[in-house]
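Asker: To start, I am sharing the structure in question, which I have written as structure tokens.
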Amino acid sequence: MVRLSDLHPVEAEHLSMRALAMPAVGPGEWITPRPLDQATVAIVSTAGLHRRIDPPFTVGSLDYRLIPGDTEFDDLVLSHISANFDRSAFGEDPNIVFPIDRLREFASSGEIGGVARWHYSFMGAMPDPSQFEKAGEEIGRLMAQDGVDIAFLVPI
Amino acid sequence: MSEAVVPPRALWVPFPLGRPLGVVDDSEFQKSVMRTAFGLLDTATEPTIEDYEIQAPGEGLSENWSCPLNLSTESSGSLTDRLLAEVALLRPWAIETRRQRGRTLFGASGAGEDQVDELARAFASIAETGEVTSAPVVVDVAWAFDMPLLARHIADDLRSFYHEALAAQPGDTAPNHDALNRWIFGETVLGEALLLVADGLTKASDLPMAQLVRGLLIPEGHYRGGSAFPEETNFPINPGT
């Protein structure tokens with residue numbers, strides 16, 4: 001996450017106010033997963049990322065999109081509503097937001113046990129993250145059925 | 001925000017919004033960030049937020065960026081004509097970037113990858129007429145959004161097209177987010193159209209969402225020198241969608 005001092009002053013003030021008003025959510029149950037070199041890892045993005053065939057995210061979206069692990073980068077688009085982050089980096093190298101190639105490399109070198117079959121994307125910019133509880137529990141069940149040990153959350 | 005959510009293990013990174021792993025096309029840098037995050041699995045015994053101290057090299061390279069293209073078009077034409085002329089000047093470069101990458105970000109609005117002119121015409125129409133309630137009718141385009149939210153996604157597609165055109169310029173000249181916005185709002189017809197659409201949204205005071213969409217259309221600092229978001233922060237949202 002960027003430093004507030006590196007943002008436009010208006011954006012920094014806006015985010016500071018949002019952070020102060022954000023209701024506390026955690027902490028959740030403490031879980032120690034299996035060792036990393038035996039663990040299956042899934043990506044959870046809040047970049048509003050989805051396949052072109054999927055319905056786009058909109059303001060206040062609380063649902064999620066599935067991203068199959070073999071999705072090609074040319075099939076991915078962003079429908080995140082914010083105008084205040086740099087989309088050009090994703091255009092140049094999608095791994096900077098959705099590091100699926102990096103996970104594959106870690107799996108090949110044995111640093112992680114494997115890459116999940118499915119990954120997940122949400123719409124960020126939600127002032128009350130507790131509203132994601134239902135969808136969060138749902139993808140938790142899906143990840144458990146997919147044999148996922150570690151969820152690697154990548155905010156935009 | 002991480003302090004409010006209290007994730008079990010979090011790595012704070014000093015990178016700009018939109019670049020959570022720091023550096024494009026640098027797999028070792030990206031993997032270093034990920035390894036540090038994964039390392040918390042071994043070291044953290046309670047909810048932990050750790051700082052990642054390594055800066056992204058080249059992060060500020062685009063601070064003094066200026067566009068190498070001369071985009072000056074006939075200033076007496078209609079906004080539609082001038083925007084189409086600007087798009088035409090950028091098109092060969094955008095095509096080159098798509099060829100090199102084999103992909104494009106263009107199309108989230110519902111437009112096809114080759115419908116840039118159609119999108120430019122539609123956006124100029126919204127800007128010139130101030131019509132922010134009904135979607136512009138464009139043959140062969142199935143919009144993915146309703147108005148007024150559609151307007152900001154058309155704008156995003158056009159911004160992606162412009163940036164893809166700039167990314168093809170010789171040398172390390174692609175602008176970062178700040179430089180791109182300074183250029184768009186300071187030197188392009190697209191910037192002029194964006195501000196006109198924002199004004200149309202301002203005038204639609206009886207339309208739910210219009211003022212919010214204005215804030216989602218114009219980056220902070222570029223609407224009359226300040227924020228395009230309304231002062232009222234209790235935005236109307238549609239949680240069911």
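Letters A, B, ... go to the chains of the structure tokens in the order shown; residues in each chain start at 1; ligands are counted from 1 in the same order.
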I'd like the contact shell of segment 43-50 of chain A - 10 Å cut-off, only C-alpha atoms, skipping same-chain residues fewer than 5 positions apart - returned as a ChimeraX atom specification.
Answerer: /A:55-58,61,64-67,69,71,75-82,85,87,90,97-100,103,115-116,118-126,139,150-156 /B:18,108
Asker: Taking the DSSP assignment computed from this structure's backbone, write out as an MDAnalysis selection string all residues of segment 21-154 of chain A that belong to helix (DSSP H, G or I).
Answerer: chainID A and resid 21 36:38 73:75 88:92 94:96 100:109 129:145
Asker: Could you take the residues named above and write them with N, CA and C atoms, as a tab-separated table (two decimals), in the first residue's frame?
Answerer:
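As a result, again.tsv now contains:
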chain	number	residue	atom	x	y	z
A	21	ALA	N	-12.85	5.88	9.83
A	21	ALA	CA	-14.27	5.52	9.95
A	21	ALA	C	-14.51	4.03	9.78
A	36	LEU	N	5.31	-24.16	4.02
A	36	LEU	CA	5.13	-23.51	2.72
A	36	LEU	C	5.47	-24.44	1.56
A	37	ASP	N	6.53	-25.23	1.71
A	37	ASP	CA	6.93	-26.09	0.59
A	37	ASP	C	5.98	-27.27	0.38
A	38	GLN	N	4.99	-27.37	1.24
A	38	GLN	CA	3.96	-28.40	1.05
A	38	GLN	C	2.58	-27.78	0.81
A	73	PHE	N	-3.57	-14.12	-19.74
A	73	PHE	CA	-3.62	-12.70	-19.37
A	73	PHE	C	-4.46	-11.88	-20.35
A	74	ASP	N	-4.48	-12.27	-21.64
A	74	ASP	CA	-5.25	-11.47	-22.58
A	74	ASP	C	-6.75	-11.62	-22.39
A	75	ASP	N	-7.15	-12.49	-21.47
A	75	ASP	CA	-8.57	-12.68	-21.18
A	75	ASP	C	-8.99	-11.90	-19.93
A	88	SER	N	-1.85	1.20	-15.64
A	88	SER	CA	-0.87	0.95	-16.70
A	88	SER	C	0.09	-0.18	-16.32
A	89	ALA	N	0.37	-0.31	-15.02
A	89	ALA	CA	1.29	-1.37	-14.61
A	89	ALA	C	0.69	-2.74	-14.91
A	90	PHE	N	-0.59	-2.90	-14.64
A	90	PHE	CA	-1.26	-4.17	-14.96
A	90	PHE	C	-1.23	-4.41	-16.46
A	91	GLY	N	-1.42	-3.35	-17.25
A	91	GLY	CA	-1.37	-3.50	-18.70
A	91	GLY	C	-0.01	-3.98	-19.16
A	92	GLU	N	1.04	-3.49	-18.50
A	92	GLU	CA	2.40	-3.86	-18.91
A	92	GLU	C	2.77	-5.25	-18.42
A	94	PRO	N	0.76	-8.09	-16.02
A	94	PRO	CA	-0.34	-8.47	-15.11
A	94	PRO	C	0.14	-9.12	-13.81
A	95	ASN	N	1.34	-9.70	-13.81
A	95	ASN	CA	1.85	-10.33	-12.59
A	95	ASN	C	2.01	-9.34	-11.44
A	96	ILE	N	2.11	-8.05	-11.73
A	96	ILE	CA	2.32	-7.09	-10.67
A	96	ILE	C	1.06	-6.97	-9.80
A	100	ILE	N	0.36	-14.84	-10.89
A	100	ILE	CA	0.18	-16.27	-11.13
A	100	ILE	C	1.46	-16.90	-11.68
A	101	ASP	N	2.21	-16.17	-12.52
A	101	ASP	CA	3.48	-16.73	-13.03
A	101	ASP	C	4.49	-16.91	-11.90
A	102	ARG	N	4.48	-15.97	-10.95
A	102	ARG	CA	5.42	-16.08	-9.82
A	102	ARG	C	5.06	-17.32	-8.98
A	103	LEU	N	3.78	-17.56	-8.77
A	103	LEU	CA	3.40	-18.76	-8.02
A	103	LEU	C	3.82	-20.02	-8.75
A	104	ARG	N	3.64	-20.03	-10.07
A	104	ARG	CA	4.06	-21.21	-10.84
A	104	ARG	C	5.56	-21.44	-10.71
A	105	GLU	N	6.33	-20.33	-10.72
A	105	GLU	CA	7.79	-20.47	-10.57
A	105	GLU	C	8.14	-20.99	-9.18
A	106	PHE	N	7.45	-20.50	-8.16
A	106	PHE	CA	7.68	-21.01	-6.80
A	106	PHE	C	7.34	-22.50	-6.72
A	107	ALA	N	6.28	-22.90	-7.40
A	107	ALA	CA	5.90	-24.32	-7.37
A	107	ALA	C	6.96	-25.16	-8.10
A	108	SER	N	7.46	-24.64	-9.22
A	108	SER	CA	8.48	-25.39	-9.98
A	108	SER	C	9.77	-25.54	-9.19
A	109	SER	N	10.11	-24.51	-8.42
A	109	SER	CA	11.36	-24.58	-7.65
A	109	SER	C	11.18	-25.27	-6.31
A	129	PRO	N	-15.50	-3.33	5.28
A	129	PRO	CA	-15.13	-4.68	4.84
A	129	PRO	C	-15.94	-5.79	5.50
A	130	SER	N	-16.64	-5.49	6.60
A	130	SER	CA	-17.44	-6.54	7.24
A	130	SER	C	-18.55	-7.02	6.31
A	131	GLN	N	-18.90	-6.20	5.30
A	131	GLN	CA	-19.95	-6.61	4.37
A	131	GLN	C	-19.50	-7.76	3.46
A	132	PHE	N	-18.22	-8.05	3.45
A	132	PHE	CA	-17.72	-9.17	2.65
A	132	PHE	C	-17.77	-10.49	3.42
A	133	GLU	N	-18.33	-10.49	4.61
A	133	GLU	CA	-18.26	-11.69	5.44
A	133	GLU	C	-18.88	-12.91	4.74
A	134	LYS	N	-20.05	-12.71	4.15
A	134	LYS	CA	-20.74	-13.85	3.51
A	134	LYS	C	-19.91	-14.40	2.34
A	135	ALA	N	-19.45	-13.50	1.47
A	135	ALA	CA	-18.65	-13.96	0.32
A	135	ALA	C	-17.32	-14.54	0.78
A	136	GLY	N	-16.76	-13.95	1.84
A	136	GLY	CA	-15.50	-14.45	2.35
A	136	GLY	C	-15.63	-15.87	2.87
A	137	GLU	N	-16.71	-16.12	3.61
A	137	GLU	CA	-16.93	-17.49	4.11
A	137	GLU	C	-17.13	-18.45	2.94
A	138	GLU	N	-17.81	-17.97	1.91
A	138	GLU	CA	-18.09	-18.83	0.75
A	138	GLU	C	-16.80	-19.23	0.04
A	139	ILE	N	-15.93	-18.25	-0.22
A	139	ILE	CA	-14.70	-18.63	-0.93
A	139	ILE	C	-13.78	-19.42	0.00
A	140	GLY	N	-13.94	-19.24	1.31
A	140	GLY	CA	-13.18	-20.08	2.24
A	140	GLY	C	-13.54	-21.54	2.08
A	141	ARG	N	-14.84	-21.80	1.93
A	141	ARG	CA	-15.29	-23.19	1.71
A	141	ARG	C	-14.77	-23.71	0.36
A	142	LEU	N	-14.85	-22.84	-0.66
A	142	LEU	CA	-14.38	-23.26	-1.98
A	142	LEU	C	-12.89	-23.56	-1.97
A	143	MET	N	-12.13	-22.71	-1.28
A	143	MET	CA	-10.69	-22.95	-1.22
A	143	MET	C	-10.37	-24.23	-0.46
A	144	ALA	N	-11.14	-24.49	0.60
A	144	ALA	CA	-10.90	-25.74	1.35
A	144	ALA	C	-11.14	-26.95	0.45
A	145	GLN	N	-12.21	-26.88	-0.37
A	145	GLN	CA	-12.51	-28.00	-1.27
A	145	GLN	C	-11.48	-28.11	-2.39
Asker: If you count only C-alpha atoms, which residues fall within 8 Å of segment 43-46 of chain B, apart from same-chain ones fewer than 5 positions away, as a list in words?
Answerer: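 Contacts, in chain order: Trp30 of chain A; Pro8 and Arg9 of chain B.
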Asker: As a ChimeraX atom specification, list the residues of segment 35-170 of chain B assigned to strand (DSSP E) by DSSP on the backbone atoms of this structure.
Answerer: /B:48-51
Asker: Fewer than 3 positions away in the same chain doesn't count, so skip those; otherwise give me all residues within 9 Å of segment 183-188 of chain B, counting only C-alpha atoms, as a list in words.
Answerer: Trp65, Ser66, Cys67, Leu71, Ser72, Leu83, Glu86, Arg159, Tyr162, Asp178, Ala179, Leu180, Gly191, Glu192, Ala193, Leu194, Leu195 and His222 of chain B
Asker: To one decimal in Å, tell me the separation between atom CA of Pro208 of chain B and atom CA of Ala151 of chain B.
Answerer: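 So the two atoms, atom CA of Pro208 of chain B and atom CA of Ala151 of chain B, lie 14.4 Å apart.
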Asker: Need to verify the contact set: Asp140 of chain B, 12 Å, only C-alpha atoms, exclusion of same-chain residues closer than 5 positions in sequence. Can you return it as a ChimeraX atom specification?
Answerer: /B:110-112,114-115,118-119
Asker: Which residue, B:Gly39, B:Leu158, B:Pro136, B:Pro219, has the smallest gap to chain A when you use only C-alpha atoms?
Answerer: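 So, comparing all the options, the nearest one is B:Pro219.
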